[in-house]
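Shown here: entry-v6.txt, compact mmCIF, C-alpha atoms.
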```txt
# COMPACT_ATOMS: atom_id res chain seq x y z
CA MET A 297 -66.63 2.85 98.29
CA LYS A 298 -66.05 6.55 97.69
CA ALA A 299 -65.98 7.88 94.10
CA ALA A 300 -66.05 11.25 92.31
CA GLN A 301 -68.94 11.02 89.86
CA ILE A 302 -71.15 13.08 87.57
CA ASN A 303 -74.87 12.62 86.94
CA ASN A 304 -74.93 15.04 84.00
CA TYR A 305 -72.50 17.04 81.86
CA GLY A 306 -71.33 20.45 83.04
CA GLY A 307 -68.71 22.44 84.95
CA SER A 308 -66.93 21.56 88.18
CA GLU A 309 -70.20 21.93 90.10
CA VAL A 310 -71.52 18.65 88.60
CA VAL A 311 -68.74 16.60 90.23
CA LYS A 312 -70.21 14.93 93.34
CA ILE A 313 -68.66 12.59 95.88
CA ASN A 314 -70.65 9.37 96.20
CA ASP A 315 -69.79 7.68 99.52
CA ASN A 316 -71.72 4.53 98.59
CA ALA A 317 -70.64 3.81 95.03
CA PRO A 318 -70.60 0.07 94.25
CA LYS A 319 -67.16 -1.52 94.00
CA PRO A 320 -66.54 -2.34 90.31
CA ALA A 321 -66.97 -5.93 89.18
CA VAL A 322 -63.97 -7.53 87.51
CA SER A 323 -64.57 -9.33 84.25
CA GLN A 324 -62.28 -11.44 82.07
CA GLY A 325 -58.94 -9.80 81.29
CA GLN A 326 -59.35 -7.11 83.96
CA LEU A 327 -57.78 -6.08 87.25
CA LEU A 328 -59.50 -4.63 90.31
CA VAL A 329 -57.11 -2.05 91.75
CA GLU A 330 -57.16 -0.37 95.13
CA VAL A 331 -56.37 3.15 93.96
CA TYR A 332 -53.73 5.06 95.95
CA ALA A 333 -53.51 8.05 93.60
CA ALA A 334 -55.16 9.23 90.37
CA GLY A 335 -53.68 11.67 87.86
CA ALA A 336 -55.84 14.47 86.45
CA ASN A 337 -55.64 15.29 82.75
CA PRO A 338 -57.38 17.84 80.48
CA VAL A 339 -59.35 14.98 78.90
CA ASP A 340 -61.04 14.45 82.30
CA TRP A 341 -62.69 17.88 82.36
CA LYS A 342 -63.50 17.55 78.66
CA ILE A 343 -65.36 14.31 79.40
CA ARG A 344 -67.10 16.06 82.32
CA GLU A 345 -68.27 18.88 80.02
CA GLY A 346 -69.52 16.46 77.36
CA TYR A 347 -66.97 17.19 74.63
CA MET A 348 -66.61 13.46 73.96
CA ARG A 349 -70.25 12.43 74.23
CA GLN A 350 -70.43 11.53 70.52
CA MET A 351 -67.46 9.18 70.77
CA VAL A 352 -68.15 7.84 74.26
CA PRO A 353 -71.67 8.54 75.57
CA LEU A 354 -71.64 8.11 79.35
CA LYS A 355 -74.02 6.09 81.47
CA PHE A 356 -74.78 8.14 84.59
CA PRO A 357 -73.66 8.16 87.30
CA ALA A 358 -70.20 8.04 85.71
CA THR A 359 -66.92 7.93 87.64
CA LEU A 360 -64.33 10.33 86.25
CA GLY A 361 -60.57 9.82 85.87
CA GLY A 362 -58.21 7.65 83.87
CA ASP A 363 -54.65 7.56 85.25
CA PHE A 364 -54.10 5.54 88.41
CA SER A 365 -51.50 3.95 90.63
CA GLY A 366 -52.36 1.39 93.24
CA ILE A 367 -52.34 -2.24 94.35
CA VAL A 368 -54.06 -5.20 92.68
CA ALA A 369 -56.98 -6.29 94.85
CA GLU A 370 -58.35 -8.96 92.51
CA VAL A 371 -57.53 -10.44 89.10
CA GLY A 372 -60.06 -11.50 86.50
CA GLU A 373 -59.97 -14.68 84.45
CA ASP A 374 -57.18 -15.11 81.88
CA VAL A 375 -54.84 -12.67 83.64
CA SER A 376 -51.34 -14.13 83.96
CA ASP A 377 -48.94 -11.17 84.32
CA PHE A 378 -50.37 -9.78 87.57
CA LYS A 379 -51.29 -11.15 90.95
CA LYS A 380 -53.04 -9.83 94.05
CA GLY A 381 -50.76 -7.41 95.94
CA ASP A 382 -48.79 -6.22 92.89
CA GLU A 383 -48.12 -2.49 92.63
CA VAL A 384 -49.48 -1.34 89.27
CA TYR A 385 -50.18 1.82 87.30
CA GLY A 386 -52.02 2.63 84.09
CA GLN A 387 -55.37 3.71 82.71
CA ALA A 388 -58.83 2.91 84.06
CA SER A 389 -60.82 5.45 82.06
CA ILE A 390 -64.40 4.61 81.12
CA THR A 391 -63.31 5.47 77.58
CA ARG A 392 -60.88 2.52 77.69
CA GLY A 393 -63.11 -0.13 79.25
CA GLY A 394 -62.29 0.76 82.86
CA SER A 395 -64.55 2.03 85.66
CA GLY A 396 -62.88 5.44 86.27
CA SER A 397 -59.90 6.13 88.54
CA PHE A 398 -61.30 8.91 90.76
CA ALA A 399 -62.42 6.27 93.24
CA GLU A 400 -61.12 4.05 96.03
CA PHE A 401 -61.27 1.05 93.69
CA ALA A 402 -61.15 0.86 89.90
CA SER A 403 -61.35 -1.86 87.31
CA ALA A 404 -58.87 -1.64 84.45
CA ASP A 405 -58.23 -3.64 81.31
CA VAL A 406 -55.05 -5.67 81.78
CA ASN A 407 -53.72 -4.27 78.47
CA THR A 408 -53.75 -0.71 79.88
CA ALA A 409 -51.80 -1.54 83.05
CA ALA A 410 -48.20 -2.35 83.95
CA HIS A 411 -46.05 -2.86 87.03
CA LYS A 412 -45.43 0.46 88.77
CA PRO A 413 -41.94 1.99 88.57
CA LYS A 414 -40.08 0.95 91.73
CA ASN A 415 -38.41 4.35 92.08
CA ALA A 416 -41.70 6.28 92.00
CA SER A 417 -44.28 6.89 94.71
CA HIS A 418 -47.93 6.15 93.89
CA ILE A 419 -48.50 9.90 93.43
CA GLU A 420 -45.63 10.14 90.94
CA ALA A 421 -46.68 6.97 89.11
CA ALA A 422 -50.29 8.18 88.85
CA ALA A 423 -49.05 11.30 87.05
CA LEU A 424 -47.34 9.29 84.33
CA PRO A 425 -49.62 7.11 82.19
CA LEU A 426 -51.22 9.54 79.75
CA THR A 427 -48.49 12.21 79.70
CA GLY A 428 -45.60 9.76 79.69
CA VAL A 429 -47.06 7.49 77.04
CA SER A 430 -47.98 10.54 74.92
CA ALA A 431 -44.33 11.64 74.94
CA TRP A 432 -43.06 8.11 74.28
CA GLN A 433 -45.50 7.47 71.43
CA ALA A 434 -44.60 10.78 69.75
CA LEU A 435 -40.80 10.78 70.18
CA VAL A 436 -40.05 7.07 69.90
CA ASP A 437 -42.85 5.52 67.81
CA HIS A 438 -43.75 8.39 65.45
CA ILE A 439 -40.62 10.54 65.21
CA ASP A 440 -38.00 7.85 65.92
CA LEU A 441 -35.88 10.58 67.48
CA SER A 442 -32.18 9.75 67.58
CA ARG A 443 -28.89 11.09 68.90
CA GLY A 444 -27.83 14.45 67.43
CA GLU A 445 -31.23 15.33 65.97
CA LYS A 446 -32.96 18.60 66.84
CA ILE A 447 -36.51 18.80 68.20
CA LEU A 448 -38.73 21.74 69.15
CA ILE A 449 -41.19 20.91 71.95
CA HIS A 450 -44.09 23.31 72.44
CA GLY A 451 -45.46 23.69 75.97
CA GLY A 452 -42.35 22.34 77.67
CA ALA A 453 -43.49 23.11 81.22
CA GLY A 454 -46.79 21.21 80.97
CA GLY A 455 -47.44 17.61 81.94
CA ILE A 456 -46.55 16.12 78.54
CA GLY A 457 -43.85 18.67 77.71
CA SER A 458 -41.99 18.07 81.00
CA ILE A 459 -41.66 14.37 80.20
CA ALA A 460 -40.95 14.97 76.49
CA ILE A 461 -37.94 17.21 77.23
CA GLN A 462 -36.40 14.58 79.53
CA LEU A 463 -37.11 11.76 77.08
CA ALA A 464 -35.63 13.72 74.16
CA LYS A 465 -32.45 14.40 76.16
CA TYR A 466 -32.23 10.72 77.12
CA LEU A 467 -32.43 9.86 73.41
CA GLY A 468 -29.52 12.23 72.76
CA ALA A 469 -31.37 15.00 70.92
CA TYR A 470 -30.83 18.77 71.02
CA VAL A 471 -33.99 20.26 72.57
CA ALA A 472 -35.59 23.67 72.08
CA THR A 473 -38.83 24.44 73.88
CA THR A 474 -41.42 27.21 74.19
CA VAL A 475 -42.66 28.29 77.64
CA SER A 476 -43.72 31.41 79.52
CA ALA A 477 -40.97 33.48 81.16
CA LYS A 478 -41.67 32.16 84.67
CA ASP A 479 -41.05 28.58 83.51
CA ILE A 480 -37.65 29.17 81.87
CA PRO A 481 -35.56 28.01 84.91
CA TYR A 482 -37.80 24.93 85.31
CA VAL A 483 -37.34 23.63 81.74
CA LYS A 484 -33.61 24.39 81.81
CA GLU A 485 -33.43 22.18 84.87
CA LEU A 486 -35.21 19.45 82.89
CA GLY A 487 -32.44 19.65 80.29
CA ALA A 488 -33.73 21.96 77.55
CA ASP A 489 -30.85 23.39 75.47
CA ASP A 490 -32.67 26.38 73.98
CA VAL A 491 -35.62 28.03 75.76
CA ILE A 492 -37.97 30.46 74.02
CA ASP A 493 -40.35 32.81 75.82
CA TYR A 494 -43.39 32.36 73.56
CA LYS A 495 -45.04 35.63 74.68
CA ASN A 496 -42.07 37.84 73.81
CA GLN A 497 -40.11 35.88 71.20
CA SER A 498 -41.04 34.30 67.85
CA PHE A 499 -39.77 30.75 67.84
CA GLU A 500 -39.71 30.59 64.02
CA ASP A 501 -37.14 33.42 64.01
CA MET A 502 -34.93 31.57 66.46
CA VAL A 503 -34.87 27.92 65.37
CA HIS A 504 -34.33 26.58 61.84
CA ASP A 505 -33.74 23.29 60.04
CA TYR A 506 -35.09 21.15 62.86
CA ASP A 507 -35.72 17.43 62.40
CA ALA A 508 -38.92 17.39 64.44
CA VAL A 509 -41.58 19.40 66.26
CA TYR A 510 -43.77 18.04 69.06
CA ASP A 511 -46.83 20.26 69.46
CA THR A 512 -48.93 20.23 72.65
CA VAL A 513 -50.36 23.73 72.05
CA GLY A 514 -52.13 23.73 68.68
CA GLY A 515 -53.73 26.62 66.79
CA GLU A 516 -51.43 29.23 65.24
CA THR A 517 -48.45 27.66 66.99
CA TYR A 518 -49.02 24.52 64.94
CA VAL A 519 -49.21 26.40 61.63
CA ARG A 520 -46.07 28.46 62.33
CA SER A 521 -44.14 25.33 63.35
CA PHE A 522 -43.90 24.07 59.77
CA LYS A 523 -41.43 26.90 59.06
CA VAL A 524 -38.81 25.55 61.46
CA LEU A 525 -38.62 22.06 59.95
CA LYS A 526 -36.06 20.88 57.43
CA LYS A 527 -37.37 19.09 54.34
CA VAL A 528 -38.65 15.59 55.21
CA GLY A 529 -38.84 16.70 58.86
CA ILE A 530 -41.84 15.64 60.97
CA ILE A 531 -44.37 17.38 63.20
CA VAL A 532 -46.54 15.47 65.68
CA SER A 533 -49.46 17.33 67.25
CA MET A 534 -51.61 16.36 70.22
CA LEU A 535 -54.34 18.80 69.12
CA GLU A 536 -54.30 19.29 65.35
CA GLN A 537 -55.01 17.03 62.41
CA PRO A 538 -52.41 16.98 59.60
CA ARG A 539 -52.70 19.86 57.12
CA LEU A 540 -52.03 18.52 53.62
CA ASP A 541 -51.48 22.02 52.21
CA LEU A 542 -48.72 22.74 54.75
CA MET A 543 -47.18 19.29 54.32
CA GLU A 544 -46.88 19.87 50.58
CA GLN A 545 -45.70 23.49 50.90
CA TYR A 546 -42.87 22.63 53.31
CA GLU A 547 -42.25 19.04 52.14
CA VAL A 548 -42.61 17.59 55.62
CA ASN A 549 -44.61 14.85 57.30
CA ALA A 550 -47.37 15.60 59.83
CA ILE A 551 -49.14 13.30 62.29
CA GLY A 552 -52.11 13.95 64.56
CA GLN A 553 -51.62 11.77 67.64
CA LEU A 554 -54.32 10.00 69.60
CA THR A 555 -52.42 8.53 72.53
CA GLN A 556 -52.84 4.80 73.06
CA VAL A 557 -51.84 3.79 76.59
CA ASN A 558 -50.82 0.14 76.59
CA SER A 559 -48.82 -2.22 78.78
CA GLU A 560 -45.75 -2.23 76.53
CA ARG A 561 -45.37 1.57 76.52
CA LEU A 562 -46.09 1.78 80.25
CA SER A 563 -43.39 -0.83 80.94
CA LYS A 564 -40.82 1.07 78.83
CA LEU A 565 -41.70 4.25 80.70
CA ALA A 566 -41.32 2.51 84.07
CA GLU A 567 -37.82 1.37 83.04
CA LEU A 568 -36.80 4.97 82.31
CA VAL A 569 -38.17 6.17 85.65
CA ASP A 570 -36.29 3.39 87.45
CA LYS A 571 -33.10 4.42 85.58
CA ARG A 572 -33.83 7.96 86.82
CA ALA A 573 -33.79 9.18 83.21
CA ILE A 574 -37.25 10.67 83.81
CA LYS A 575 -38.49 12.43 86.92
CA VAL A 576 -42.11 13.41 87.47
CA HIS A 577 -42.94 16.90 88.68
CA ILE A 578 -46.13 17.23 90.75
CA GLU A 579 -47.40 20.78 90.98
CA ARG A 580 -50.25 20.06 93.37
CA THR A 581 -52.18 17.25 95.01
CA PHE A 582 -55.84 17.28 96.04
CA PRO A 583 -57.83 14.81 98.17
CA LEU A 584 -60.48 12.74 96.37
CA GLU A 585 -63.17 14.90 98.01
CA GLN A 586 -61.86 17.87 96.00
CA ALA A 587 -61.87 16.17 92.59
CA GLY A 588 -64.09 18.92 91.17
CA GLU A 589 -61.68 21.62 92.38
CA ALA A 590 -58.70 19.68 90.98
CA LEU A 591 -60.24 19.62 87.49
CA SER A 592 -61.15 23.29 87.75
CA TYR A 593 -57.56 24.12 88.75
CA LEU A 594 -56.27 22.13 85.79
CA GLN A 595 -58.72 23.76 83.39
CA LYS A 596 -58.11 27.37 84.44
CA GLY A 597 -54.38 27.36 85.06
CA HIS A 598 -51.25 26.16 83.31
CA PRO A 599 -49.82 23.79 85.90
CA ARG A 600 -46.10 23.13 85.84
CA GLY A 601 -46.04 19.36 85.62
CA LYS A 602 -49.02 17.44 86.99
CA VAL A 603 -52.09 17.62 89.24
CA VAL A 604 -52.86 14.42 91.18
CA LEU A 605 -55.59 13.19 93.52
CA LYS A 606 -54.22 11.52 96.63
CA ILE A 607 -56.69 8.81 97.57
CA LYS A 608 -54.84 6.58 100.04
CA GLU A 609 -51.64 6.97 102.04
CA ASP A 610 -48.58 5.41 100.39
```
Mind turning this structure into structure tokens?
Amino acid sequence: MKAAQINNYGGSEVVKINDNAPKPAVSQGQLLVEVYAAGANPVDWKIREGYMRQMVPLKFPATLGGDFSGIVAEVGEDVSDFKKGDEVYGQASITRGGSGSFAEFASADVNTAAHKPKNASHIEAAALPLTGVSAWQALVDHIDLSRGEKILIHGGAGGIGSIAIQLAKYLGAYVATTVSAKDIPYVKELGADDVIDYKNQSFEDMVHDYDAVYDTVGGETYVRSFKVLKKVGIIVSMLEQPRLDLMEQYEVNAIGQLTQVNSERLSKLAELVDKRAIKVHIERTFPLEQAGEALSYLQKGHPRGKVVLKIKED
């Protein structure tokens, strides 16, 4: 089978297409999936560059990619919820016990897969697992966002932010978001109530007494965000660890999120897509042969929505 692999850590030049990669074996509690599309995420180029080698040292050659959508080709022992021919989506990252999704076939742990949303194409479904579950885990599980509450979402035009805005509106919240000027119409279309141009406006001068902040930007943006929260408010960050000094100063709660993609969250997400409460925006697709270019594009730009590898025709 064909797979996008690396034999050493480095930039996009280390990503090579192996036309004769072995098809992954399926062990107990796993699925073998014929991959139709694979979503690209920042964690993919970070793995390629070796940022995570302490946590997850790779065995080379290593197949990149986590998010996938496709069709079950084979089920391992002790798998009861899926059968051959089912349309599924989820995570097949080597960091989660999978074989990597940038390939024609991938093995995935059954606990990181779910039935694909019926109202989504494989390309749309492949864009969802990490970004969609990140938004769900933050807004539903950590923040417990409810009707009438106010939330500030940083990076509203990105992959996670795009889903988070729609999810927050579905939950009945008032949504402010920070984006660049060119993305203002896009996030308004997603449902944002208050849009702040982060390059020309200071969000902390414009929003006050908010119940929650969801941070996908980090750095100074994270530190300044504490000012907009009401007492006992909550900030969840995808990039920063909680700062005890700021928590005490502003009397708020802070959480550093490590997204855990699992079947339950994926199934909840699929329900929302099928209700048309959430729509996925794909900025650009690349063929599998251009996996290196896709990661480079993701790393150097600020895509509106998602970048996806199209591996097989829907």
Next item on the list: Tell me which protein, DNA and RNA residues are within 12 Å of Lys596 of chain A, counting only C-alpha atoms, leaving out same-chain ones fewer than 4 positions away, and put them as a PyMOL selection string.
Entry: chain A and resi 307-308+338+341+589-592
Check which residues of segment 368-437 of chain A sit at most 12 Å from segment 488-511 of chain A using all atoms listed in the file, and return one row each with the closest pair of atoms and their distance in Å to one decimal, ordered by chain and rising number, as a tab-separated table.
```
residue	atom	partner	partner_atom	distance
A:Ser430	CA	A:Tyr510	CA	10.4
A:Ala431	CA	A:Tyr510	CA	8.7
A:Trp432	CA	A:Tyr510	CA	11.2
A:Gln433	CA	A:Tyr510	CA	11.0
A:Ala434	CA	A:Tyr510	CA	7.3
A:Leu435	CA	A:Tyr510	CA	7.9
A:Val436	CA	A:Tyr510	CA	11.6
```
| query | Which is closer to Gly455 of chain A than all the others in A:Ser563, A:Gln545, A:Gln537, A:Asn337, using all atoms listed in the file? | reply |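 Counting all atoms listed in the file, the residue closest to Gly455 of chain A is A:Asn337.
If you look at atom CA of Val604 of chain A and atom CA of Lys319 of chain A, they are 21.6 Å away from each other.
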What's the 12 Å shell around Ile530 of chain A, counting only C-alpha atoms, without same-chain residues fewer than 5 positions away, as a PDB file with C-alpha atoms, in the coordinates of the input?
```pdb
ATOM      1  CA  ALA A 434     -44.600  10.780  69.750  1.00  0.00           C
ATOM      2  CA  LEU A 435     -40.800  10.780  70.180  1.00  0.00           C
ATOM      3  CA  HIS A 438     -43.750   8.390  65.450  1.00  0.00           C
ATOM      4  CA  ILE A 439     -40.620  10.540  65.210  1.00  0.00           C
ATOM      5  CA  ASP A 440     -38.000   7.850  65.920  1.00  0.00           C
ATOM      6  CA  LEU A 441     -35.880  10.580  67.480  1.00  0.00           C
ATOM      7  CA  GLU A 445     -31.230  15.330  65.970  1.00  0.00           C
ATOM      8  CA  LYS A 446     -32.960  18.600  66.840  1.00  0.00           C
ATOM      9  CA  ILE A 447     -36.510  18.800  68.200  1.00  0.00           C
ATOM     10  CA  LEU A 448     -38.730  21.740  69.150  1.00  0.00           C
ATOM     11  CA  ASP A 505     -33.740  23.290  60.040  1.00  0.00           C
ATOM     12  CA  TYR A 506     -35.090  21.150  62.860  1.00  0.00           C
ATOM     13  CA  ASP A 507     -35.720  17.430  62.400  1.00  0.00           C
ATOM     14  CA  ALA A 508     -38.920  17.390  64.440  1.00  0.00           C
ATOM     15  CA  VAL A 509     -41.580  19.400  66.260  1.00  0.00           C
ATOM     16  CA  TYR A 510     -43.770  18.040  69.060  1.00  0.00           C
ATOM     17  CA  ASP A 511     -46.830  20.260  69.460  1.00  0.00           C
ATOM     18  CA  SER A 521     -44.140  25.330  63.350  1.00  0.00           C
ATOM     19  CA  PHE A 522     -43.900  24.070  59.770  1.00  0.00           C
ATOM     20  CA  LYS A 523     -41.430  26.900  59.060  1.00  0.00           C
ATOM     21  CA  VAL A 524     -38.810  25.550  61.460  1.00  0.00           C
ATOM     22  CA  LEU A 525     -38.620  22.060  59.950  1.00  0.00           C
ATOM     23  CA  PRO A 538     -52.410  16.980  59.600  1.00  0.00           C
ATOM     24  CA  LEU A 542     -48.720  22.740  54.750  1.00  0.00           C
ATOM     25  CA  MET A 543     -47.180  19.290  54.320  1.00  0.00           C
ATOM     26  CA  TYR A 546     -42.870  22.630  53.310  1.00  0.00           C
ATOM     27  CA  GLU A 547     -42.250  19.040  52.140  1.00  0.00           C
ATOM     28  CA  VAL A 548     -42.610  17.590  55.620  1.00  0.00           C
ATOM     29  CA  ASN A 549     -44.610  14.850  57.300  1.00  0.00           C
ATOM     30  CA  ALA A 550     -47.370  15.600  59.830  1.00  0.00           C
ATOM     31  CA  ILE A 551     -49.140  13.300  62.290  1.00  0.00           C
ATOM     32  CA  GLY A 552     -52.110  13.950  64.560  1.00  0.00           C
TER      33      GLY A 552
END
```
